[in-house]
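These notes are about the structure you will find just below.
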Amino acid sequence: MLRALVLVLLLANILFGVLVQWGTPGGDDDAQLMSLQMNPQMVRIVGGGQERPPVARPAAAAVAACLVWGPFDETQAARARAALEEAVPAARIEARELPATSQFWVHMPVQRSRAEAVKKLGELKTLGIAGGSVVENDPQWTNAVDLGSFAEEARAREYLGRLQVAGVRAAQITERRSGGGTQWLVREPSEALAARVLEIKQSGFPDSALGATACPSGPNTR
């Protein structure tokens, strides 16, 4: 009898392990697409060796899941939307606008060569200013001297003032905007629909991001 019970428990543990391994979405975006609905479960506790009537508890509402694709700039967003509409009913497609962010960059102008930019870094060190670097692989700013970026313009100007007091005359501030764009949400897709959107993404927009998120509470279509 005991041996049979141990065998039953062992089989139950193996089954539980399989469910945990295969029932939990993986860490990468593509694997997340196939696990888009969280279902509530109820637990009934029985204690004291006596059977007690189950306590009725309100069932938790299922969390609606959305595919989230993007962000895209204005041109790409229109193309992505058109591609989505070939596979997804328009009523299930929503737009989410992401705000752009600004950084206030303190730097010295682009130098004629990397050697001259490195020379500028040496001059800065003689003035007691460390932490600068030469910009590389940037079509607009290669061989500029990067002195730091700030989220607030006031802090950037304060730092520029300290540099000028130290004797740095060529430093300047440039506002650089990044981020922003449009994400497309697909509400409560089936596995087949999620696979179709993934196919669209891989064939036409291979560098775009595709994942899953909780759907917003209200519609935000456009």
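Numbering starts fresh at 1 for the residues of each chain in the structure tokens, the chains themselves are lettered A, B, ... in the order given, and ligands are numbered from 1 as they appear.
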Inset, instruction - Per DSSP on the backbone, filter range 27-214 of chain A down to the residues in helix (DSSP H, G or I) and report them as a PyMOL selection string. - result: chain A and resi 29-32+74-85+90-92+114-126+153-166+191-204
Among range 77-212 of chain A, which residues does DSSP mark as strand (DSSP E or B) when it is run on the backbone? Keep the chain and numbering as in the structure and answer as a CSV table (one decimal) with N, CA and C atoms, in the first residue's frame.
```
chain,number,residue,atom,x,y,z
A,93,ILE,N,-7.7,46.5,-33.4
A,93,ILE,CA,-6.4,47.1,-33.5
A,93,ILE,C,-6.5,48.5,-32.8
A,94,GLU,N,-5.5,48.7,-31.9
A,94,GLU,CA,-5.5,50.0,-31.2
A,94,GLU,C,-4.1,50.6,-31.3
A,95,ALA,N,-4.0,51.9,-31.2
A,95,ALA,CA,-2.8,52.7,-31.3
A,95,ALA,C,-2.4,53.1,-29.9
A,96,ARG,N,-1.1,53.0,-29.5
A,96,ARG,CA,-0.6,53.6,-28.3
A,96,ARG,C,0.6,54.5,-28.6
A,97,GLU,N,0.4,55.8,-28.3
A,97,GLU,CA,1.4,56.8,-28.6
A,97,GLU,C,2.4,56.9,-27.5
A,98,LEU,N,3.7,56.8,-27.8
A,98,LEU,CA,4.8,56.9,-26.8
A,98,LEU,C,5.4,58.3,-26.9
A,99,PRO,N,5.5,59.0,-25.8
A,99,PRO,CA,6.1,60.3,-25.9
A,99,PRO,C,7.6,60.3,-26.1
A,100,ALA,N,8.1,61.3,-26.9
A,100,ALA,CA,9.5,61.4,-27.1
A,100,ALA,C,10.2,62.0,-25.8
A,101,THR,N,11.4,61.7,-25.6
A,101,THR,CA,12.2,62.2,-24.5
A,101,THR,C,13.3,63.1,-25.0
A,102,SER,N,13.8,64.0,-24.2
A,102,SER,CA,14.9,64.9,-24.5
A,102,SER,C,16.0,64.7,-23.6
A,103,GLN,N,17.2,64.7,-24.2
A,103,GLN,CA,18.5,64.8,-23.4
A,103,GLN,C,19.2,66.0,-23.8
A,104,PHE,N,19.8,66.7,-22.8
A,104,PHE,CA,20.6,67.9,-23.1
A,104,PHE,C,22.1,67.5,-23.0
A,105,TRP,N,22.7,67.5,-24.2
A,105,TRP,CA,24.0,66.9,-24.4
A,105,TRP,C,25.1,68.0,-24.3
A,106,VAL,N,26.0,67.9,-23.4
A,106,VAL,CA,27.2,68.8,-23.3
A,106,VAL,C,28.3,68.2,-24.1
A,107,HIS,N,28.9,69.0,-25.0
A,107,HIS,CA,29.9,68.4,-25.9
A,107,HIS,C,30.8,69.5,-26.5
A,108,MET,N,31.9,69.1,-27.1
A,108,MET,CA,32.7,69.9,-27.9
A,108,MET,C,32.4,69.6,-29.3
A,133,SER,N,34.7,61.6,-23.6
A,133,SER,CA,35.0,60.5,-24.6
A,133,SER,C,34.8,61.0,-26.0
A,134,VAL,N,35.4,60.3,-26.9
A,134,VAL,CA,35.3,60.6,-28.4
A,134,VAL,C,34.1,59.9,-28.9
A,145,VAL,N,33.5,65.5,-29.0
A,145,VAL,CA,33.9,65.1,-27.6
A,145,VAL,C,32.7,65.2,-26.7
A,146,ASP,N,32.3,64.0,-26.2
A,146,ASP,CA,31.2,63.9,-25.4
A,146,ASP,C,31.6,64.2,-23.9
A,147,LEU,N,30.9,65.2,-23.3
A,147,LEU,CA,31.2,65.6,-21.9
A,147,LEU,C,30.0,65.2,-21.0
A,148,GLY,N,28.9,64.7,-21.5
A,148,GLY,CA,27.9,64.2,-20.6
A,148,GLY,C,26.5,64.7,-21.1
A,149,SER,N,25.5,63.9,-20.6
A,149,SER,CA,24.1,64.2,-21.0
A,149,SER,C,23.2,64.4,-19.7
A,150,PHE,N,22.2,65.2,-19.8
A,150,PHE,CA,21.4,65.5,-18.7
A,150,PHE,C,19.9,65.5,-19.1
A,172,GLN,N,29.5,73.2,-25.7
A,172,GLN,CA,28.1,73.7,-26.0
A,172,GLN,C,27.1,72.6,-25.7
A,173,ILE,N,25.8,73.0,-25.7
A,173,ILE,CA,24.7,72.2,-25.4
A,173,ILE,C,23.9,71.9,-26.6
A,174,THR,N,23.5,70.7,-26.9
A,174,THR,CA,22.6,70.3,-28.0
A,174,THR,C,21.5,69.4,-27.4
A,175,GLU,N,20.3,69.8,-27.7
A,175,GLU,CA,19.1,69.0,-27.3
A,175,GLU,C,19.0,67.8,-28.3
A,176,ARG,N,18.9,66.6,-27.7
A,176,ARG,CA,18.7,65.4,-28.5
A,176,ARG,C,17.5,64.7,-28.1
A,177,ARG,N,16.6,64.5,-29.1
A,177,ARG,CA,15.3,63.9,-28.8
A,177,ARG,C,15.4,62.4,-29.3
A,178,SER,N,14.8,61.5,-28.5
A,178,SER,CA,14.8,60.1,-28.8
A,178,SER,C,13.5,59.5,-28.3
A,179,GLY,N,13.3,58.2,-28.8
A,179,GLY,CA,12.1,57.5,-28.3
A,179,GLY,C,10.9,58.0,-29.1
A,180,GLY,N,9.8,57.8,-28.5
A,180,GLY,CA,8.5,58.2,-29.1
A,180,GLY,C,8.1,57.2,-30.2
A,181,GLY,N,7.0,57.5,-30.8
A,181,GLY,CA,6.5,56.7,-31.9
A,181,GLY,C,5.2,56.0,-31.5
A,182,THR,N,4.8,55.2,-32.4
A,182,THR,CA,3.5,54.5,-32.3
A,182,THR,C,3.6,53.0,-32.1
A,183,GLN,N,2.9,52.4,-31.1
A,183,GLN,CA,2.8,51.0,-31.0
A,183,GLN,C,1.4,50.6,-31.4
A,184,TRP,N,1.3,49.4,-32.0
A,184,TRP,CA,0.0,48.8,-32.3
A,184,TRP,C,-0.3,47.7,-31.4
A,185,LEU,N,-1.5,47.7,-30.8
A,185,LEU,CA,-2.0,46.7,-29.9
A,185,LEU,C,-3.0,45.9,-30.7
A,186,VAL,N,-3.0,44.6,-30.5
A,186,VAL,CA,-4.0,43.7,-31.0
A,186,VAL,C,-4.7,43.0,-29.8
A,187,ARG,N,-6.0,43.3,-29.6
A,187,ARG,CA,-6.7,42.9,-28.4
A,187,ARG,C,-7.0,41.4,-28.5
A,210,LEU,N,8.1,42.8,-30.9
A,210,LEU,CA,6.7,42.3,-30.8
A,210,LEU,C,6.7,41.5,-29.5
A,211,GLY,N,5.7,41.8,-28.7
A,211,GLY,CA,5.6,41.1,-27.4
A,211,GLY,C,4.1,41.1,-26.9
A,212,ALA,N,3.9,40.9,-25.6
A,212,ALA,CA,2.6,40.8,-25.1
A,212,ALA,C,2.5,41.7,-23.8
```
Inset, instruction - Kindly indicate which residue among A:Val110, A:Ala83, A:Leu127, A:Ala151 lies nearest to Gln202 in chain A, using only C-alpha atoms for the distances. - result: A:Ala83
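Proximity to Arg112 in chain A at 10 Å, evaluated using only C-alpha atoms and with sequence-adjacent residues fewer than 3 positions away removed, yields Pro109, Ala115, Glu116, Ala117, Thr142, Asn143 and Ala144 of chain A.
Note that the spacing between CA of Ser203 in chain A and CA of Glu74 in chain A amounts to 19.8 Å.
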Inset, instruction - Between A:Pro216, A:Asp207, A:Glu136, A:Gly167, single out the one closest to Phe72 in chain A, counting only C-alpha atoms. - result: A:Asp207
